[in-house]
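Structure record follows, encoded as structure tokens.
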Amino acid sequence: MSSVLQPATSGQDRQAPSTAGKYRPISSHLAITPPVSVVIPAMNEAENLPYVFKTLPDWIHEVVLVDGNSTDDTIAVARELWPGVKVVGQQGRGKGDALITGFEACSGDIIVMVDADGSADGNEIVSYVSALVSGADFAKGSRFANGGGTDDMTFIRWLGNRVLCAIVNRKFGARYTDLCYGYNAFWRHCLDKIELDCTGFEVETLMNIRVVKAGLKVQEIPSHEYLRIHGVSNLRAVRDGLRVLRVILSERSNRRALRRDGRRSRMLHSVRGEVS
């Protein structure tokens, strides 16, 4: 894993050009980290960005803002708050499309997903990164793990999340306490194993399912979700809940198809072996 630092050999310059600047010291919580990219999908979030950027740690490698064709000052505000921000225009639509666009633009070894509405606390990023450099492949935020919480949860959303989470745990062998939450972090190499291909809010569920199917090591991170500060969320509990359910059923169908293909393949090999 890329988080492992190799000790310098005798006579080797500890600040050699190949490694100097690649790893950054952080704080008393975490001594050192590889480059961390923070992806923020945003559309008309100019009023919320000051609250988002205020909590981002100064040791992160880069901020990638994916702009969904904003009609306000989202881009200008982002550049004023974080002069080195990498702004990427979104060509498609939906949160999933925005995240995929942002992931492609990242250069860091670790990628962190942060919402632009002010609901996520950037100070928690150190906990996610700590989990990753300690051995996890995917650090998954949870509002319902011990130490987590939420200020923005209706009964319908809570019930839907609980039911859908139970289905995923049963069908895919996961042990999640929260399913529909977008504050996550992961090693860049995970993208090669989960192959994201959806455009809406259900992208978070798809990621949670596919990391389990890929056999990646997942660690939940207690996280507190705050209320959106300005504006109105595009999330619709029933509509998006049904989309999440379709993703779960589709992934379950794919899993069964892979099992059938595997059995057929083994049978063919067996028959060919007997014939030969």
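Ordering of the structure tokens sets the chain letters (A, B, ...), residue numbers begin anew at 1 in every chain, and ligands are numbered from 1 in the order given.
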DSSP on the backbone: what in range 32-248 of chain A comes out strand (DSSP E), as a PyMOL selection string?
chain A and resi 36-42+62-67+86-89+110-113+138-142+149-150+184-187+218-222+224-225
For the selection just defined, write its residues with N, CA and C atoms to a file, as a short mmCIF file (atom, residue, chain, number, x, y, z; two decimals), in the first residue's frame.
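To be explicit, this is the file written out as result-v3.cif:
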```cif
data_model
loop_
_atom_site.label_atom_id
_atom_site.label_comp_id
_atom_site.auth_asym_id
_atom_site.auth_seq_id
_atom_site.Cartn_x
_atom_site.Cartn_y
_atom_site.Cartn_z
N VAL A 36 -3.42 14.11 -0.30
CA VAL A 36 -4.87 13.93 -0.14
C VAL A 36 -5.61 14.92 -1.03
N SER A 37 -6.51 14.40 -1.87
CA SER A 37 -7.36 15.23 -2.72
C SER A 37 -8.77 15.25 -2.15
N VAL A 38 -9.37 16.43 -2.04
CA VAL A 38 -10.74 16.57 -1.57
C VAL A 38 -11.62 16.97 -2.75
N VAL A 39 -12.65 16.17 -3.02
CA VAL A 39 -13.56 16.43 -4.14
C VAL A 39 -14.86 17.01 -3.59
N ILE A 40 -15.25 18.17 -4.14
CA ILE A 40 -16.46 18.85 -3.70
C ILE A 40 -17.36 19.11 -4.90
N PRO A 41 -18.44 18.34 -5.08
CA PRO A 41 -19.40 18.64 -6.14
C PRO A 41 -20.26 19.82 -5.71
N ALA A 42 -20.43 20.81 -6.59
CA ALA A 42 -21.17 22.00 -6.19
C ALA A 42 -21.97 22.58 -7.35
N GLU A 62 -4.80 18.94 -2.43
CA GLU A 62 -5.56 19.73 -3.40
C GLU A 62 -7.05 19.66 -3.12
N VAL A 63 -7.75 20.69 -3.57
CA VAL A 63 -9.21 20.71 -3.55
C VAL A 63 -9.69 20.72 -4.99
N VAL A 64 -10.54 19.76 -5.34
CA VAL A 64 -11.11 19.69 -6.68
C VAL A 64 -12.60 20.05 -6.57
N LEU A 65 -12.97 21.20 -7.11
CA LEU A 65 -14.36 21.62 -7.10
C LEU A 65 -14.98 21.28 -8.45
N VAL A 66 -16.02 20.46 -8.44
CA VAL A 66 -16.72 20.09 -9.67
C VAL A 66 -17.95 20.99 -9.77
N ASP A 67 -17.94 21.90 -10.71
CA ASP A 67 -19.03 22.85 -10.84
C ASP A 67 -20.10 22.34 -11.79
N LYS A 86 -8.69 23.47 -7.83
CA LYS A 86 -8.80 22.98 -9.20
C LYS A 86 -10.28 22.91 -9.55
N VAL A 87 -10.73 23.77 -10.47
CA VAL A 87 -12.13 23.81 -10.85
C VAL A 87 -12.34 22.99 -12.12
N VAL A 88 -13.28 22.06 -12.06
CA VAL A 88 -13.59 21.19 -13.19
C VAL A 88 -15.06 21.37 -13.53
N GLY A 89 -15.37 21.65 -14.77
CA GLY A 89 -16.75 21.79 -15.20
C GLY A 89 -17.40 20.45 -15.43
N ILE A 110 -4.90 9.63 -1.88
CA ILE A 110 -6.13 9.46 -1.11
C ILE A 110 -7.15 10.47 -1.61
N ILE A 111 -8.41 10.03 -1.76
CA ILE A 111 -9.49 10.90 -2.23
C ILE A 111 -10.57 10.96 -1.16
N VAL A 112 -10.99 12.17 -0.84
CA VAL A 112 -12.04 12.41 0.16
C VAL A 112 -13.22 13.08 -0.52
N MET A 113 -14.43 12.59 -0.25
CA MET A 113 -15.66 13.16 -0.80
C MET A 113 -16.31 14.06 0.25
N PHE A 138 -10.99 1.62 2.34
CA PHE A 138 -12.12 2.53 2.18
C PHE A 138 -12.59 2.96 3.56
N ALA A 139 -12.59 4.26 3.83
CA ALA A 139 -13.06 4.80 5.11
C ALA A 139 -14.45 5.38 4.88
N LYS A 140 -15.44 4.75 5.48
CA LYS A 140 -16.84 5.08 5.23
C LYS A 140 -17.45 5.83 6.41
N GLY A 141 -17.92 7.05 6.16
CA GLY A 141 -18.53 7.82 7.21
C GLY A 141 -19.85 7.21 7.65
N SER A 142 -20.13 7.29 8.94
CA SER A 142 -21.39 6.78 9.47
C SER A 142 -21.95 7.73 10.53
N GLY A 149 -23.50 11.25 14.48
CA GLY A 149 -24.77 11.89 14.77
C GLY A 149 -25.27 12.64 13.55
N THR A 150 -26.48 13.14 13.62
CA THR A 150 -27.05 13.91 12.52
C THR A 150 -28.05 14.93 13.04
N ASN A 184 -17.03 10.11 2.57
CA ASN A 184 -16.19 8.92 2.51
C ASN A 184 -14.79 9.28 2.03
N ALA A 185 -13.84 8.39 2.24
CA ALA A 185 -12.47 8.57 1.74
C ALA A 185 -11.92 7.21 1.36
N PHE A 186 -11.01 7.19 0.40
CA PHE A 186 -10.48 5.91 -0.06
C PHE A 186 -9.16 6.11 -0.80
N TRP A 187 -8.40 5.02 -0.90
CA TRP A 187 -7.19 5.03 -1.70
C TRP A 187 -7.57 5.08 -3.18
N VAL A 218 -12.94 -2.26 4.65
CA VAL A 218 -13.74 -1.07 4.93
C VAL A 218 -13.73 -0.78 6.43
N GLN A 219 -13.54 0.47 6.78
CA GLN A 219 -13.64 0.87 8.19
C GLN A 219 -14.61 2.04 8.29
N GLU A 220 -15.61 1.90 9.16
CA GLU A 220 -16.55 3.00 9.37
C GLU A 220 -15.94 4.06 10.28
N ILE A 221 -16.23 5.32 9.94
CA ILE A 221 -15.74 6.45 10.71
C ILE A 221 -16.93 7.21 11.28
N PRO A 222 -17.05 7.35 12.60
CA PRO A 222 -18.15 8.13 13.17
C PRO A 222 -18.11 9.56 12.64
N HIS A 224 -20.47 13.40 12.10
CA HIS A 224 -21.66 14.17 12.46
C HIS A 224 -22.12 14.98 11.25
N GLU A 225 -23.38 14.79 10.87
CA GLU A 225 -23.98 15.51 9.76
C GLU A 225 -24.74 16.72 10.28
#
```
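The shell of residues at most 9 Å from Leu227 in chain A, with only C-alpha atoms counted and near chain neighbours (fewer than 5 positions) removed, consists of Asp117, Gly118, Ser119, Ala120, Thr150, Asp151 and Asp152 of chain A.
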Using only C-alpha atoms, which protein or nucleic acid residues come within 9 Å of Phe172 in chain A? Drop anything in the same chain fewer than 3 positions from it, and give the result as a VMD selection string.
chain A and resid 167 to 169 209 212 to 213 252
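The shell of residues at most 10 Å from Gly200 in chain A, with only C-alpha atoms counted and near chain neighbours (fewer than 3 positions) removed, consists of Arg93, Gly94, Lys95, Gly96, Asp97, Ala98, Leu99, Asp197, Val203, Glu204, Leu235, Asp240, Arg243 and Val244 of chain A.
Distances from A:Asn208, A:Thr55, A:Asn123, A:Gln90 to Ala105 in chain A were compared using only C-alpha atoms, and the smallest one belongs to A:Gln90.
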Set the distance at 12 Å and use only C-alpha atoms: which residues neighbour range 46-51 of chain A once local chain neighbours fewer than 5 positions away are removed? I'd like the list as an MDAnalysis selection string.
chainID A and resid 40:41 56 65 67 70:82 114:123 226:232
Report the residues of range 16-231 of chain A whose backbone DSSP state falls under alpha helix (DSSP H), written as an NGL selection string.
:A and (49-54 or 74-81 or 95-105 or 125-133 or 155-172 or 191-194 or 203-213)
Keeping only C-alpha atoms, write those residues as an mmCIF file, in the first residue's frame.
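Done, and the output landed in again.cif:
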```
data_model
loop_
_atom_site.group_PDB
_atom_site.id
_atom_site.type_symbol
_atom_site.label_atom_id
_atom_site.label_comp_id
_atom_site.auth_asym_id
_atom_site.auth_seq_id
_atom_site.Cartn_x
_atom_site.Cartn_y
_atom_site.Cartn_z
ATOM 1 C CA LEU A 49 -18.618 27.353 0.450
ATOM 2 C CA PRO A 50 -17.139 29.699 3.109
ATOM 3 C CA TYR A 51 -18.364 27.295 5.801
ATOM 4 C CA VAL A 52 -17.048 24.285 3.880
ATOM 5 C CA PHE A 53 -13.583 25.669 3.179
ATOM 6 C CA LYS A 54 -13.218 27.064 6.701
ATOM 7 C CA THR A 74 -19.654 29.459 -6.798
ATOM 8 C CA ILE A 75 -16.430 29.368 -8.845
ATOM 9 C CA ALA A 76 -15.313 32.882 -7.905
ATOM 10 C CA VAL A 77 -15.942 32.269 -4.210
ATOM 11 C CA ALA A 78 -14.057 28.955 -4.310
ATOM 12 C CA ARG A 79 -11.023 30.581 -5.934
ATOM 13 C CA GLU A 80 -11.043 33.400 -3.414
ATOM 14 C CA LEU A 81 -11.255 31.015 -0.468
ATOM 15 C CA LYS A 95 -24.117 13.838 -8.078
ATOM 16 C CA GLY A 96 -22.711 10.546 -9.308
ATOM 17 C CA ASP A 97 -21.598 12.122 -12.569
ATOM 18 C CA ALA A 98 -20.032 15.034 -10.664
ATOM 19 C CA LEU A 99 -18.089 12.717 -8.354
ATOM 20 C CA ILE A 100 -16.810 10.571 -11.213
ATOM 21 C CA THR A 101 -15.673 13.749 -12.977
ATOM 22 C CA GLY A 102 -13.914 14.908 -9.821
ATOM 23 C CA PHE A 103 -12.221 11.575 -9.187
ATOM 24 C CA GLU A 104 -10.736 11.634 -12.681
ATOM 25 C CA ALA A 105 -9.225 15.061 -11.985
ATOM 26 C CA ILE A 125 -10.828 14.317 7.478
ATOM 27 C CA VAL A 126 -7.909 13.457 9.748
ATOM 28 C CA SER A 127 -9.926 10.511 11.140
ATOM 29 C CA TYR A 128 -10.609 9.196 7.635
ATOM 30 C CA VAL A 129 -6.980 9.537 6.567
ATOM 31 C CA SER A 130 -5.789 7.910 9.797
ATOM 32 C CA ALA A 131 -7.947 4.866 9.062
ATOM 33 C CA LEU A 132 -6.556 4.586 5.540
ATOM 34 C CA VAL A 133 -2.883 4.873 6.456
ATOM 35 C CA PHE A 155 -38.251 9.789 10.239
ATOM 36 C CA ILE A 156 -38.898 8.673 6.639
ATOM 37 C CA ARG A 157 -35.232 9.085 5.690
ATOM 38 C CA TRP A 158 -34.104 7.333 8.880
ATOM 39 C CA LEU A 159 -36.453 4.408 8.269
ATOM 40 C CA GLY A 160 -35.532 4.114 4.600
ATOM 41 C CA ASN A 161 -31.813 4.233 5.346
ATOM 42 C CA ARG A 162 -32.176 1.578 8.043
ATOM 43 C CA VAL A 163 -34.169 -0.784 5.835
ATOM 44 C CA LEU A 164 -31.882 -0.369 2.823
ATOM 45 C CA CYS A 165 -28.803 -0.770 5.022
ATOM 46 C CA ALA A 166 -30.193 -4.033 6.442
ATOM 47 C CA ILE A 167 -30.810 -5.356 2.916
ATOM 48 C CA VAL A 168 -27.256 -4.579 1.824
ATOM 49 C CA ASN A 169 -25.780 -6.135 4.958
ATOM 50 C CA ARG A 170 -27.791 -9.327 4.452
ATOM 51 C CA LYS A 171 -27.339 -9.669 0.701
ATOM 52 C CA PHE A 172 -23.681 -8.695 0.429
ATOM 53 C CA LEU A 191 -11.490 3.163 -8.321
ATOM 54 C CA ASP A 192 -10.016 0.443 -10.535
ATOM 55 C CA LYS A 193 -11.955 -2.190 -8.604
ATOM 56 C CA ILE A 194 -15.387 -0.600 -8.215
ATOM 57 C CA VAL A 203 -23.654 6.554 -6.316
ATOM 58 C CA GLU A 204 -22.837 6.429 -2.590
ATOM 59 C CA THR A 205 -24.748 3.175 -2.158
ATOM 60 C CA LEU A 206 -23.143 1.743 -5.285
ATOM 61 C CA MET A 207 -19.682 2.490 -3.891
ATOM 62 C CA ASN A 208 -20.552 0.900 -0.544
ATOM 63 C CA ILE A 209 -21.748 -2.272 -2.260
ATOM 64 C CA ARG A 210 -18.909 -2.603 -4.727
ATOM 65 C CA VAL A 211 -16.115 -2.146 -2.194
ATOM 66 C CA VAL A 212 -17.569 -5.115 -0.313
ATOM 67 C CA LYS A 213 -17.932 -7.167 -3.504
#
```
